[in-house]
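Colleague: So that we are looking at the same thing, I have put the structure below in structure tokens.
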Amino acid sequence: MNLFRSILLLQLSAALALAQSAPQSTPANLPNQPDALVRSLYTEVVAHHPIGIPRGEEMKILAPYLSKALLHRIDVAVDCAADYDRQYPDPSLKPPFAWLEAGLFSGDDEQAEPRAFQIEKTQSQDDGSFRVYVRLTWGTPPEKPYVWQVAAVVVREDAHFVLDDVIYLKDQGRETEARLSEYLSAGCDGPRWVGRVKQTDDKGDKPKQ
């Protein structure tokens with residue numbers, strides 16, 4: 001494992017240690033309505049633009065907003081990344097994780113660094129969760145703003161609301177909906193790296209990872 005990967009995994013491990021303690025120490029300070037919870041969370045997202053799995057102070061700030069299930073999925077994703085590094089120690093290989101250069105709460109590429117947001121509506125779901133629709137904007141004047149939308153999935157946990165997932169909605173830049181939970185687990189079987197879905201090329205050659 002090269003130095004960069006070692007540092008990254010150490011940072012992620014430290015972030016998760018903070019994450020596991022934060023929700024228990026600060027729930028009383030969280031907003032008590034789904035839309036208010038999401039507004040407070042995205043204020044932090046726009047301020048810090050966390051790329052990939054948040055680390056250090058970023059995770060300390062964001063962890064109280066996240067459900068225990070989401071924190072566990074992040075924990076497993078870090079373990080899967082460590083397993084990938086054990087299997088493929090070549091430092092020239094770029095780890096193929098969907099979350100690596102994405103904004104977990106906003107999306108890929110330009111979507112990873114939203115400049116502004118607006119809460120549009122909140123919908124209750126049959127399972128007791130809520131979907132809070134967030135309008136996000138990238139770009140600064142005189143550029144024409146790039147606008148997209150995500151749905152934050154909010155659940156009640158231990159008498160307060162927390163974020164349990166994010167749905168990246170279909171739009172001009174995204175052909176199909178995707179979820180944060182899918183990003184975290186892509187290529188993984190629990191904490192084990194098993195590779196992406198393999199496809200045979202046009203010549204019928206052996207599928208490549």
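Residues in the structure tokens are numbered from 1 in each chain, the chains being A, B, ... in the order shown, and ligands are numbered from 1 in the order shown.
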Per residue of range 123-175 of chain A within 7 Å of range 62-82 of chain A, record the nearest atom pair and its distance in Å to one decimal, counting only C-alpha atoms, with rows in chain order and ascending residue number, as JSON lines.

Modeller:
```
{"residue": "A:Val162", "atom": "CA", "partner": "A:Tyr65", "partner_atom": "CA", "distance": 5.1}
{"residue": "A:Leu163", "atom": "CA", "partner": "A:Leu66", "partner_atom": "CA", "distance": 4.8}
{"residue": "A:Asp164", "atom": "CA", "partner": "A:Ser67", "partner_atom": "CA", "distance": 5.2}
{"residue": "A:Asp165", "atom": "CA", "partner": "A:Leu70", "partner_atom": "CA", "distance": 6.9}
```

Colleague: When you look at Ala36 in chain A with a cut-off of 12 Å (counting only C-alpha atoms), what residues show up, excluding the ones that are within fewer than 5 positions of it in the same chain? I need them as a count of residues only.

Modeller: 20

Colleague: Hey, which of A:Pro89, A:Gly107, A:Pro96, A:Gly195 ends up closest to Tyr168 in chain A? Count only C-alpha atoms.

Modeller: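 Closest to Tyr168 in chain A, using only C-alpha atoms: A:Gly107.
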
Colleague: Which residue out of A:Trp193, A:Phe130, A:Trp138, A:Tyr88 has the minimum interatomic distance to Ala112 in chain A when only C-alpha atoms are used?

Modeller: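 Checking each of A:Trp193, A:Phe130, A:Trp138, A:Tyr88 against Ala112 in chain A, counting only C-alpha atoms, the winner is A:Trp138.
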
Colleague: Name the residues in contact with Thr137 in chain A at a cut-off of 7 Å, using only C-alpha atoms, excluding same-chain residues fewer than 4 positions from it; report them as a ChimeraX atom specification.

Modeller: /A:114-117,145-148

Colleague: So which residues of range 20-165 of chain A fall under alpha helix (DSSP H) by DSSP, listed as a ChimeraX atom specification?

Modeller: /A:20-25,34-48,56-62,68-87

Colleague: Keeping only N, CA and C atoms, write those residues as a short mmCIF file (atom, residue, chain, number, x, y, z; two decimals), in the first residue's frame.

Modeller:
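The resulting file, again27.cif, is reproduced below:
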```
data_model
loop_
_atom_site.label_atom_id
_atom_site.label_comp_id
_atom_site.auth_asym_id
_atom_site.auth_seq_id
_atom_site.Cartn_x
_atom_site.Cartn_y
_atom_site.Cartn_z
N GLN A 20 -18.75 7.87 15.18
CA GLN A 20 -19.47 6.95 16.03
C GLN A 20 -19.82 7.57 17.37
N SER A 21 -19.03 8.55 17.83
CA SER A 21 -19.32 9.18 19.11
C SER A 21 -20.18 10.42 18.97
N ALA A 22 -20.11 11.09 17.81
CA ALA A 22 -20.79 12.38 17.66
C ALA A 22 -22.30 12.30 17.78
N PRO A 23 -23.01 11.34 17.13
CA PRO A 23 -24.45 11.34 17.21
C PRO A 23 -24.97 11.19 18.62
N GLN A 24 -24.21 10.52 19.51
CA GLN A 24 -24.67 10.31 20.86
C GLN A 24 -24.46 11.53 21.73
N SER A 25 -23.55 12.44 21.32
CA SER A 25 -23.23 13.58 22.15
C SER A 25 -23.98 14.84 21.76
N PRO A 34 -37.90 17.44 9.59
CA PRO A 34 -37.07 16.93 8.48
C PRO A 34 -36.46 18.02 7.61
N ASP A 35 -37.27 19.02 7.21
CA ASP A 35 -36.74 20.06 6.34
C ASP A 35 -35.70 20.92 7.04
N ALA A 36 -35.90 21.17 8.33
CA ALA A 36 -34.92 21.96 9.08
C ALA A 36 -33.60 21.20 9.25
N LEU A 37 -33.72 19.89 9.47
CA LEU A 37 -32.51 19.05 9.57
C LEU A 37 -31.71 19.11 8.28
N VAL A 38 -32.39 18.98 7.15
CA VAL A 38 -31.71 19.00 5.86
C VAL A 38 -31.15 20.38 5.56
N ARG A 39 -31.88 21.43 5.92
CA ARG A 39 -31.37 22.80 5.71
C ARG A 39 -30.08 23.01 6.49
N SER A 40 -30.04 22.55 7.72
CA SER A 40 -28.85 22.70 8.53
C SER A 40 -27.68 21.89 7.96
N LEU A 41 -27.97 20.66 7.51
CA LEU A 41 -26.93 19.81 6.92
C LEU A 41 -26.35 20.44 5.66
N TYR A 42 -27.22 20.89 4.75
CA TYR A 42 -26.72 21.42 3.48
C TYR A 42 -26.05 22.78 3.63
N THR A 43 -26.34 23.48 4.69
CA THR A 43 -25.56 24.68 5.00
C THR A 43 -24.10 24.31 5.23
N GLU A 44 -23.88 23.19 5.92
CA GLU A 44 -22.52 22.71 6.14
C GLU A 44 -21.90 22.16 4.85
N VAL A 45 -22.70 21.47 4.04
CA VAL A 45 -22.20 20.91 2.79
C VAL A 45 -21.71 22.02 1.87
N VAL A 46 -22.50 23.09 1.73
CA VAL A 46 -22.12 24.21 0.87
C VAL A 46 -20.89 24.93 1.44
N ALA A 47 -20.78 24.97 2.75
CA ALA A 47 -19.65 25.67 3.37
C ALA A 47 -18.35 24.90 3.22
N HIS A 48 -18.42 23.56 3.27
CA HIS A 48 -17.20 22.76 3.33
C HIS A 48 -16.90 21.96 2.06
N GLY A 56 -11.73 13.86 9.25
CA GLY A 56 -11.32 14.81 10.26
C GLY A 56 -12.44 15.70 10.75
N GLU A 57 -12.19 17.01 10.71
CA GLU A 57 -13.17 17.97 11.21
C GLU A 57 -14.46 17.94 10.40
N GLU A 58 -14.34 17.66 9.08
CA GLU A 58 -15.55 17.58 8.26
C GLU A 58 -16.49 16.51 8.78
N MET A 59 -15.95 15.32 9.08
CA MET A 59 -16.79 14.24 9.59
C MET A 59 -17.33 14.57 10.98
N LYS A 60 -16.52 15.23 11.78
CA LYS A 60 -16.99 15.62 13.11
C LYS A 60 -18.20 16.54 13.02
N ILE A 61 -18.19 17.43 12.01
CA ILE A 61 -19.31 18.35 11.81
C ILE A 61 -20.54 17.63 11.26
N LEU A 62 -20.33 16.74 10.28
CA LEU A 62 -21.45 16.14 9.55
C LEU A 62 -22.03 14.91 10.22
N LYS A 68 -27.47 5.99 12.12
CA LYS A 68 -26.55 4.93 12.49
C LYS A 68 -26.33 3.98 11.30
N ALA A 69 -27.38 3.73 10.54
CA ALA A 69 -27.26 2.85 9.38
C ALA A 69 -26.34 3.45 8.33
N LEU A 70 -26.45 4.76 8.08
CA LEU A 70 -25.58 5.40 7.10
C LEU A 70 -24.13 5.43 7.58
N LEU A 71 -23.93 5.71 8.85
CA LEU A 71 -22.57 5.68 9.40
C LEU A 71 -21.97 4.28 9.27
N HIS A 72 -22.81 3.25 9.46
CA HIS A 72 -22.32 1.88 9.31
C HIS A 72 -21.95 1.61 7.86
N ARG A 73 -22.76 2.08 6.92
CA ARG A 73 -22.43 1.88 5.50
C ARG A 73 -21.11 2.56 5.14
N ILE A 74 -20.88 3.74 5.71
CA ILE A 74 -19.61 4.43 5.48
C ILE A 74 -18.46 3.62 6.07
N ASP A 75 -18.66 3.09 7.26
CA ASP A 75 -17.65 2.26 7.91
C ASP A 75 -17.29 1.06 7.04
N VAL A 76 -18.31 0.39 6.51
CA VAL A 76 -18.09 -0.79 5.66
C VAL A 76 -17.39 -0.39 4.37
N ALA A 77 -17.74 0.78 3.82
CA ALA A 77 -17.08 1.26 2.59
C ALA A 77 -15.59 1.48 2.82
N VAL A 78 -15.23 2.01 3.98
CA VAL A 78 -13.82 2.19 4.30
C VAL A 78 -13.11 0.85 4.40
N ASP A 79 -13.76 -0.14 5.03
CA ASP A 79 -13.17 -1.48 5.12
C ASP A 79 -13.00 -2.08 3.72
N CYS A 80 -13.96 -1.86 2.85
CA CYS A 80 -13.87 -2.38 1.48
C CYS A 80 -12.72 -1.71 0.74
N ALA A 81 -12.53 -0.41 0.97
CA ALA A 81 -11.40 0.29 0.34
C ALA A 81 -10.07 -0.29 0.81
N ALA A 82 -10.00 -0.62 2.10
CA ALA A 82 -8.78 -1.23 2.63
C ALA A 82 -8.55 -2.61 2.01
N ASP A 83 -9.63 -3.36 1.80
CA ASP A 83 -9.50 -4.68 1.19
C ASP A 83 -9.05 -4.56 -0.26
N TYR A 84 -9.56 -3.55 -0.98
CA TYR A 84 -9.10 -3.30 -2.35
C TYR A 84 -7.59 -3.05 -2.36
N ASP A 85 -7.11 -2.23 -1.44
CA ASP A 85 -5.68 -1.92 -1.39
C ASP A 85 -4.84 -3.16 -1.09
N ARG A 86 -5.39 -4.06 -0.30
CA ARG A 86 -4.66 -5.30 -0.04
C ARG A 86 -4.58 -6.17 -1.29
N GLN A 87 -5.66 -6.17 -2.07
CA GLN A 87 -5.68 -6.98 -3.28
C GLN A 87 -4.89 -6.35 -4.42
#
```

Colleague: Return the single residue from A:Leu136, A:Leu93, A:Ile167, A:Ala98 that is closest to Gly187 in chain A, with distances computed using only C-alpha atoms.

Modeller: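 Comparing A:Leu136, A:Leu93, A:Ile167, A:Ala98 against Gly187 in chain A, the winner is A:Ala98.
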
Colleague: Measuring between only C-alpha atoms, which one of A:Gln33, A:Pro142, A:Trp99, A:Val153 shows the shortest distance to Ser185 in chain A?

Modeller: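 Under the stated criterion, the closest residue is A:Trp99.
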
Colleague: Report the residues of range 111-159 of chain A whose backbone DSSP state falls under strand (DSSP E), written as number ranges by chain.

Modeller: A: 116-124, 130-138, 146-157

Colleague: Check the smallest atom-to-atom distance from each of A:Ile53, A:Leu169, A:Val155, A:Ala178 to Phe97 in chain A using only C-alpha atoms, then report the winner.

Modeller: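 The answer is A:Ile53, which sits nearest to Phe97 in chain A.
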